[in-house]
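Colleague: This is the content of run19.txt (compact mmCIF, C-alpha atoms):
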```txt
# COMPACT_ATOMS: atom_id res chain seq x y z
CA MET R 304 0.00 0.00 0.00
CA ARG R 305 1.33 3.39 -0.95
CA ASN R 306 -0.40 5.70 1.49
CA GLU R 307 -0.70 4.01 4.85
CA ARG R 308 -2.13 7.04 6.64
CA ALA R 309 -4.62 8.05 3.90
CA ALA R 310 -6.76 10.96 5.04
CA GLY R 311 -6.28 10.16 8.70
CA ASP R 312 -7.84 7.50 10.85
CA SER R 313 -11.58 7.43 10.14
CA ARG R 314 -12.23 6.00 13.60
CA HIS R 315 -11.40 9.47 14.91
CA ALA R 316 -13.77 11.41 12.61
CA ARG R 317 -16.05 13.75 14.57
CA THR R 318 -19.69 14.67 14.05
CA GLY R 319 -21.83 17.53 15.32
CA LYS R 320 -22.67 15.65 18.51
CA ASP R 321 -19.02 16.05 19.51
CA GLY R 322 -19.12 19.84 19.31
CA ALA R 323 -20.31 22.34 21.90
CA PHE R 324 -20.74 26.09 22.15
CA TYR R 325 -20.23 27.85 25.48
CA SER R 326 -20.63 31.32 26.91
CA GLU R 327 -17.65 33.18 28.30
CA ASP R 328 -18.43 31.72 31.73
CA GLY R 329 -18.30 28.16 30.45
CA VAL R 330 -22.08 27.71 30.42
CA LEU R 331 -23.15 25.31 27.67
CA LEU R 332 -25.51 27.10 25.28
CA ALA R 333 -27.61 23.98 24.92
CA THR R 334 -30.17 25.41 22.51
CA VAL R 335 -27.57 26.24 19.86
CA GLU R 336 -28.24 23.87 16.96
CA GLN R 337 -25.12 24.78 14.99
CA PHE R 338 -22.28 27.26 14.98
CA THR R 339 -19.72 28.22 12.36
CA SER R 340 -16.68 30.43 12.46
CA ASN R 341 -14.64 31.52 9.47
CA VAL R 342 -11.93 33.95 8.49
CA ASN R 343 -11.95 36.06 5.35
CA TRP R 344 -8.58 37.28 4.05
CA ASN R 345 -8.34 40.58 2.18
CA ASN R 346 -4.99 40.67 0.43
CA ALA R 347 -3.43 43.65 -1.33
CA LYS R 348 -2.46 43.03 -4.95
CA TYR R 349 0.67 44.47 -6.47
CA SER R 350 2.93 44.08 -9.48
CA VAL R 351 6.59 44.92 -9.86
CA LEU R 352 8.60 46.16 -12.81
CA GLY R 353 9.98 43.38 -14.96
CA ASP R 354 7.51 40.75 -13.69
CA ALA R 355 4.30 40.05 -15.61
CA GLN R 356 2.84 38.07 -12.73
CA GLU R 357 0.53 39.80 -10.30
CA HIS R 358 1.30 39.18 -6.61
CA GLU R 359 -0.57 39.48 -3.31
CA THR R 360 0.50 40.24 0.21
CA ALA R 361 -1.48 39.77 3.38
CA ASN R 362 -3.40 42.91 4.28
CA THR R 363 -6.38 42.41 6.58
CA PHE R 364 -8.62 39.62 7.81
CA ALA R 365 -12.08 39.42 9.33
CA VAL R 366 -13.48 36.68 11.56
CA ASN R 367 -17.20 35.92 11.54
CA LEU R 368 -19.21 33.67 13.81
CA THR R 369 -22.74 32.44 13.09
CA MET R 370 -25.06 30.33 15.18
CA SER R 371 -28.55 28.95 14.88
CA GLN R 372 -30.42 28.88 18.17
CA ILE R 373 -33.57 26.85 18.79
CA VAL R 374 -36.06 29.10 20.57
CA VAL R 375 -37.10 27.40 23.79
CA GLU R 376 -37.24 30.43 26.05
CA ASP R 377 -35.97 33.98 25.85
CA ASP R 378 -32.45 34.31 27.17
CA GLU R 379 -29.69 36.84 27.82
CA PHE R 380 -28.87 37.14 24.10
CA ILE R 381 -32.25 38.32 22.88
CA GLU R 382 -32.71 40.48 26.00
CA ALA R 383 -29.35 42.21 25.41
CA LEU R 384 -30.14 42.64 21.70
CA MET R 385 -33.55 44.20 22.34
CA GLU R 386 -32.07 46.50 24.99
CA ALA R 387 -29.37 47.55 22.50
CA LEU R 388 -32.03 48.48 19.95
CA GLU R 389 -33.56 50.84 22.53
CA THR R 390 -30.37 52.27 24.04
CA GLN R 391 -28.24 52.10 20.87
CA ILE R 392 -25.39 50.64 22.94
CA MET R 393 -24.41 47.42 21.20
CA PRO R 394 -23.71 44.31 23.26
CA ALA R 395 -20.48 42.32 23.00
CA TRP R 396 -20.06 38.68 23.95
CA ASN R 397 -17.24 36.19 24.38
CA PHE R 398 -17.77 32.58 23.27
CA GLN R 399 -15.96 29.25 23.33
CA GLY R 400 -16.34 26.63 20.61
CA THR R 401 -15.22 23.09 21.35
CA LEU R 402 -14.85 19.76 19.63
CA LEU R 403 -14.28 16.63 21.73
CA GLY R 404 -11.95 13.98 20.36
CA ARG R 405 -12.53 10.28 20.72
CA ASN R 406 -9.48 9.93 22.97
CA GLY R 407 -10.58 12.71 25.35
CA SER R 408 -8.54 15.46 23.66
CA GLU R 409 -10.37 18.69 22.90
CA GLU R 410 -10.08 21.47 20.35
CA ARG R 411 -11.14 24.72 22.05
CA VAL R 412 -11.24 28.14 20.39
CA VAL R 413 -12.13 31.35 22.25
CA TYR R 414 -13.87 34.19 20.41
CA LYS R 415 -13.73 37.61 22.12
CA GLU R 416 -15.64 40.84 21.64
CA CYS R 417 -18.29 39.36 19.34
CA ILE R 418 -20.83 41.94 18.24
CA PRO R 419 -23.98 41.48 16.15
CA SER R 420 -23.22 41.90 12.45
CA GLY R 421 -25.43 41.64 9.41
CA GLN R 422 -28.84 40.08 9.87
CA VAL R 423 -29.97 38.73 13.24
CA ASP R 424 -33.39 37.09 13.63
CA ILE R 425 -35.70 38.63 16.21
CA GLN R 426 -38.54 36.23 15.36
CA ASN R 427 -38.40 33.59 12.64
CA VAL R 428 -41.65 31.60 12.62
CA ALA R 429 -42.84 29.09 10.00
CA VAL R 430 -45.70 26.59 10.17
CA GLY R 431 -44.54 23.02 10.82
CA ASP R 432 -40.95 23.93 11.65
CA VAL R 433 -38.93 24.27 14.84
CA ILE R 434 -38.60 27.96 15.65
CA LYS R 435 -35.00 29.11 15.37
CA ARG R 436 -33.15 32.37 15.74
CA ASN R 437 -30.13 32.93 13.48
CA TRP R 438 -27.29 35.07 14.78
CA ASN R 439 -24.36 36.63 12.92
CA PHE R 440 -21.41 38.08 14.80
CA PHE R 441 -18.25 39.93 13.90
CA VAL R 442 -15.32 38.83 16.08
CA ASN R 443 -13.24 41.86 17.06
CA ARG R 444 -10.28 39.98 18.56
CA PRO R 445 -8.29 37.25 16.84
CA PRO R 446 -9.62 33.83 17.90
CA LYS R 447 -7.41 32.08 20.42
CA LEU R 448 -6.72 28.38 20.03
CA GLN R 449 -6.55 26.99 23.56
CA SER R 450 -6.23 23.27 22.88
CA LEU R 451 -5.88 20.88 19.94
CA LEU R 452 -7.42 17.57 18.98
CA THR R 453 -4.97 14.72 18.97
CA VAL R 454 -5.12 11.19 17.57
CA ASP R 455 -3.57 8.18 19.26
CA ARG R 456 -1.50 6.43 16.59
CA ALA R 457 -1.56 2.67 17.00
```
How does the structure come out when it is put into structure tokens?

Modeller:
Amino acid sequence: MRNERAAGDSRHARTGKDGAFYSEDGVLLATVEQFTSNVNWNNAKYSVLGDAQEHETANTFAVNLTMSQIVVEDDEFIEALMEALETQIMPAWNFQGTLLGRNGSEERVVYKECIPSGQVDIQNVAVGDVIKRNWNFFVNRPPKLQSLLTVDRA
């Protein structure tokens, strides 16, 4: 066999049930159905004399966090959002996203100074569907990787 490690050990593949989303205080946000974080790079293009190829250099980046919350009861998030609409003082939250490995290792990323960005659902109601509230956040501090998943090689 040529590639003995292939794409990793499939026994260690993770699914959504292995993830969790926490508040800054470590409280599990149990009604969060899914969360996603991503980074968008904005590079600066340039060209130099004597070189026909265009080049890029790192310029800025933006981190976004989205979550879908199943509406069971009103909580601190919607209360803070509604208060912000009245006072015009925007809330900011800190979150922790985790993924538990099969061997007990954990990937944990901390997101700080997350503010509402783009569209946020106040009410999203449809017949025959679970009521959810979609949130979009802009992360104002670089995410901090606190721990990594590991795989036991046997």

Colleague: In terms of the shortest atom-to-atom distance over all atoms listed in the file, which of R:Phe441, R:Asp354, R:Ala429, R:Val413 is closest to R:Gln399?

Modeller: R:Val413

Colleague: Got a sec: who's within 7 Å of R:Ala347, counting all atoms listed in the file, leaving out chain neighbours fewer than 4 positions off, as a list of chain:residue names?

Modeller: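 Here the answer would be R:Glu359, R:Thr360, R:Ala361, R:Asn362.
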
Colleague: Choose the residue, out of R:Tyr349, R:Tyr414, R:Phe440, R:Phe398, that has the smallest atom-to-atom separation from R:Ser326; count all atoms listed in the file.

Modeller: R:Phe398

Colleague: Using all atoms listed in the file, pick whichever of R:Thr390, R:Gln337, R:Gln449, R:Asn439 has the shortest atom-to-atom distance to R:Thr369.

Modeller: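 Comparing R:Thr390, R:Gln337, R:Gln449, R:Asn439 against R:Thr369, the winner is R:Asn439.
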
Colleague: Given all atoms listed in the file as the basis, pick out the residue of R:Leu451, R:Asp328, R:Gln391, R:Val428 nearest to R:Asn406.

Modeller: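 Distance minimum relative to R:Asn406 lands on R:Leu451.
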
Colleague: Excluding R:Ala395 and any residue of its chain fewer than 3 positions from it, enumerate the residues within 10 Å of it, using all atoms listed in the file, and give them as a PyMOL selection string.

Modeller: chain R and resi 380+383-384+392+415-419+440-443

Colleague: One decimal, in Å: what's the spacing between atom CA of R:Lys320 and atom CA of R:Val335?

Modeller: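 Value for the atom CA of R:Lys320-atom CA of R:Val335 distance: 11.7 Å.
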
Colleague: In the coordinate frame of the file, compute which residues have an atom within 10 Å of (-11.8, 34.1, 13.0) when using all atoms listed in the file, and state them as a list in words.

Modeller: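 Final list of nearby residues, as requested, is Thr339, Ser340, Asn341, Val342, Asn343, Phe364, Ala365, Val366, Asn367, Leu368, Val412, Val413, Tyr414, Lys415, Phe441, Val442, Asn443, Arg444, Pro445, Pro446 and Lys447 of chain R.
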
Colleague: Would you save the residues of that selection, restricted to C-alpha atoms, as a PDB file, keeping the file's coordinate frame?

Modeller:
```
ATOM      1  CA  THR R 339     -19.720  28.220  12.360  1.00  0.00           C
ATOM      2  CA  SER R 340     -16.680  30.430  12.460  1.00  0.00           C
ATOM      3  CA  ASN R 341     -14.640  31.520   9.470  1.00  0.00           C
ATOM      4  CA  VAL R 342     -11.930  33.950   8.490  1.00  0.00           C
ATOM      5  CA  ASN R 343     -11.950  36.060   5.350  1.00  0.00           C
ATOM      6  CA  PHE R 364      -8.620  39.620   7.810  1.00  0.00           C
ATOM      7  CA  ALA R 365     -12.080  39.420   9.330  1.00  0.00           C
ATOM      8  CA  VAL R 366     -13.480  36.680  11.560  1.00  0.00           C
ATOM      9  CA  ASN R 367     -17.200  35.920  11.540  1.00  0.00           C
ATOM     10  CA  LEU R 368     -19.210  33.670  13.810  1.00  0.00           C
ATOM     11  CA  VAL R 412     -11.240  28.140  20.390  1.00  0.00           C
ATOM     12  CA  VAL R 413     -12.130  31.350  22.250  1.00  0.00           C
ATOM     13  CA  TYR R 414     -13.870  34.190  20.410  1.00  0.00           C
ATOM     14  CA  LYS R 415     -13.730  37.610  22.120  1.00  0.00           C
ATOM     15  CA  PHE R 441     -18.250  39.930  13.900  1.00  0.00           C
ATOM     16  CA  VAL R 442     -15.320  38.830  16.080  1.00  0.00           C
ATOM     17  CA  ASN R 443     -13.240  41.860  17.060  1.00  0.00           C
ATOM     18  CA  ARG R 444     -10.280  39.980  18.560  1.00  0.00           C
ATOM     19  CA  PRO R 445      -8.290  37.250  16.840  1.00  0.00           C
ATOM     20  CA  PRO R 446      -9.620  33.830  17.900  1.00  0.00           C
ATOM     21  CA  LYS R 447      -7.410  32.080  20.420  1.00  0.00           C
TER      22      LYS R 447
END
```

Colleague: Rounded to one decimal, what separation in Å do you get between atom CA of R:Ser371 and atom CA of R:Gln426?

Modeller: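 Answer for the atom CA of R:Ser371 to atom CA of R:Gln426 separation: 12.4 Å.
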
Colleague: Could you please determine the separation between atom CA of R:Gln422 and atom CA of R:Asn437 in Å, to one decimal place?

Modeller: 8.1 Å

Colleague: Using all atoms listed in the file for the distances, tell me which of R:Glu379, R:Arg405, R:Arg317, R:Arg436 is nearest to R:Asp455.

Modeller: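 Smallest separation from R:Asp455 among the options: R:Arg405.
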
Colleague: Return the single residue from R:Asn346, R:Ser420, R:Asn397, R:Thr453 that is closest to R:Glu327, with distances computed using all atoms listed in the file.

Modeller: R:Asn397

Colleague: N, CA, C and O atoms for stretch 326-346 of chain R, written as a PDB file, keeping the file's coordinate frame, could you do that?

Modeller:
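New file rebuild_15.pdb:
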```
ATOM      1  N   SER R 326     -20.767  29.897  26.619  1.00  0.00           N
ATOM      2  CA  SER R 326     -20.630  31.320  26.910  1.00  0.00           C
ATOM      3  C   SER R 326     -19.246  31.564  27.476  1.00  0.00           C
ATOM      4  O   SER R 326     -18.480  30.621  27.734  1.00  0.00           O
ATOM      5  N   GLU R 327     -18.942  32.813  27.722  1.00  0.00           N
ATOM      6  CA  GLU R 327     -17.650  33.180  28.300  1.00  0.00           C
ATOM      7  C   GLU R 327     -17.439  32.507  29.649  1.00  0.00           C
ATOM      8  O   GLU R 327     -16.325  32.140  30.014  1.00  0.00           O
ATOM      9  N   ASP R 328     -18.514  32.304  30.403  1.00  0.00           N
ATOM     10  CA  ASP R 328     -18.430  31.720  31.730  1.00  0.00           C
ATOM     11  C   ASP R 328     -18.394  30.201  31.720  1.00  0.00           C
ATOM     12  O   ASP R 328     -18.457  29.574  32.772  1.00  0.00           O
ATOM     13  N   GLY R 329     -18.352  29.608  30.536  1.00  0.00           N
ATOM     14  CA  GLY R 329     -18.300  28.160  30.450  1.00  0.00           C
ATOM     15  C   GLY R 329     -19.660  27.494  30.536  1.00  0.00           C
ATOM     16  O   GLY R 329     -19.746  26.285  30.716  1.00  0.00           O
ATOM     17  N   VAL R 330     -20.734  28.279  30.387  1.00  0.00           N
ATOM     18  CA  VAL R 330     -22.080  27.710  30.420  1.00  0.00           C
ATOM     19  C   VAL R 330     -22.420  27.198  29.026  1.00  0.00           C
ATOM     20  O   VAL R 330     -22.346  27.942  28.043  1.00  0.00           O
ATOM     21  N   LEU R 331     -22.787  25.915  28.938  1.00  0.00           N
ATOM     22  CA  LEU R 331     -23.150  25.310  27.670  1.00  0.00           C
ATOM     23  C   LEU R 331     -24.415  25.980  27.132  1.00  0.00           C
ATOM     24  O   LEU R 331     -25.428  26.048  27.824  1.00  0.00           O
ATOM     25  N   LEU R 332     -24.340  26.477  25.913  1.00  0.00           N
ATOM     26  CA  LEU R 332     -25.510  27.100  25.280  1.00  0.00           C
ATOM     27  C   LEU R 332     -26.264  25.977  24.572  1.00  0.00           C
ATOM     28  O   LEU R 332     -26.156  25.783  23.362  1.00  0.00           O
ATOM     29  N   ALA R 333     -27.025  25.242  25.344  1.00  0.00           N
ATOM     30  CA  ALA R 333     -27.610  23.980  24.920  1.00  0.00           C
ATOM     31  C   ALA R 333     -28.599  24.113  23.777  1.00  0.00           C
ATOM     32  O   ALA R 333     -28.861  23.145  23.084  1.00  0.00           O
ATOM     33  N   THR R 334     -29.178  25.278  23.574  1.00  0.00           N
ATOM     34  CA  THR R 334     -30.170  25.410  22.510  1.00  0.00           C
ATOM     35  C   THR R 334     -29.552  25.829  21.185  1.00  0.00           C
ATOM     36  O   THR R 334     -30.272  26.084  20.238  1.00  0.00           O
ATOM     37  N   VAL R 335     -28.235  25.915  21.126  1.00  0.00           N
ATOM     38  CA  VAL R 335     -27.570  26.240  19.860  1.00  0.00           C
ATOM     39  C   VAL R 335     -27.524  24.979  19.010  1.00  0.00           C
ATOM     40  O   VAL R 335     -26.957  23.965  19.404  1.00  0.00           O
ATOM     41  N   GLU R 336     -28.172  25.032  17.848  1.00  0.00           N
ATOM     42  CA  GLU R 336     -28.240  23.870  16.960  1.00  0.00           C
ATOM     43  C   GLU R 336     -26.951  23.710  16.158  1.00  0.00           C
ATOM     44  O   GLU R 336     -26.501  22.604  15.893  1.00  0.00           O
ATOM     45  N   GLN R 337     -26.367  24.825  15.757  1.00  0.00           N
ATOM     46  CA  GLN R 337     -25.120  24.780  14.990  1.00  0.00           C
ATOM     47  C   GLN R 337     -24.382  26.089  15.170  1.00  0.00           C
ATOM     48  O   GLN R 337     -24.980  27.104  15.477  1.00  0.00           O
ATOM     49  N   PHE R 338     -23.064  26.026  15.018  1.00  0.00           N
ATOM     50  CA  PHE R 338     -22.280  27.260  14.980  1.00  0.00           C
ATOM     51  C   PHE R 338     -21.170  27.082  13.959  1.00  0.00           C
ATOM     52  O   PHE R 338     -20.710  25.974  13.696  1.00  0.00           O
ATOM     53  N   THR R 339     -20.767  28.201  13.370  1.00  0.00           N
ATOM     54  CA  THR R 339     -19.720  28.220  12.360  1.00  0.00           C
ATOM     55  C   THR R 339     -18.864  29.445  12.572  1.00  0.00           C
ATOM     56  O   THR R 339     -19.385  30.531  12.816  1.00  0.00           O
ATOM     57  N   SER R 340     -17.565  29.271  12.467  1.00  0.00           N
ATOM     58  CA  SER R 340     -16.680  30.430  12.460  1.00  0.00           C
ATOM     59  C   SER R 340     -15.814  30.341  11.213  1.00  0.00           C
ATOM     60  O   SER R 340     -15.482  29.248  10.752  1.00  0.00           O
ATOM     61  N   ASN R 341     -15.497  31.496  10.659  1.00  0.00           N
ATOM     62  CA  ASN R 341     -14.640  31.520   9.470  1.00  0.00           C
ATOM     63  C   ASN R 341     -13.850  32.805   9.427  1.00  0.00           C
ATOM     64  O   ASN R 341     -14.195  33.787  10.083  1.00  0.00           O
ATOM     65  N   VAL R 342     -12.772  32.764   8.669  1.00  0.00           N
ATOM     66  CA  VAL R 342     -11.930  33.950   8.490  1.00  0.00           C
ATOM     67  C   VAL R 342     -11.914  34.296   7.014  1.00  0.00           C
ATOM     68  O   VAL R 342     -11.885  33.406   6.158  1.00  0.00           O
ATOM     69  N   ASN R 343     -11.981  35.572   6.720  1.00  0.00           N
ATOM     70  CA  ASN R 343     -11.950  36.060   5.350  1.00  0.00           C
ATOM     71  C   ASN R 343     -10.707  36.945   5.194  1.00  0.00           C
ATOM     72  O   ASN R 343     -10.566  37.952   5.896  1.00  0.00           O
ATOM     73  N   TRP R 344      -9.817  36.542   4.279  1.00  0.00           N
ATOM     74  CA  TRP R 344      -8.580  37.280   4.050  1.00  0.00           C
ATOM     75  C   TRP R 344      -8.784  38.316   2.947  1.00  0.00           C
ATOM     76  O   TRP R 344      -9.348  38.000   1.908  1.00  0.00           O
ATOM     77  N   ASN R 345      -8.300  39.513   3.174  1.00  0.00           N
ATOM     78  CA  ASN R 345      -8.340  40.580   2.180  1.00  0.00           C
ATOM     79  C   ASN R 345      -6.893  40.969   1.875  1.00  0.00           C
ATOM     80  O   ASN R 345      -6.274  41.716   2.617  1.00  0.00           O
ATOM     81  N   ASN R 346      -6.372  40.415   0.799  1.00  0.00           N
ATOM     82  CA  ASN R 346      -4.990  40.670   0.430  1.00  0.00           C
ATOM     83  C   ASN R 346      -4.885  41.894  -0.472  1.00  0.00           C
ATOM     84  O   ASN R 346      -5.823  42.243  -1.180  1.00  0.00           O
TER      85      ASN R 346
END
```
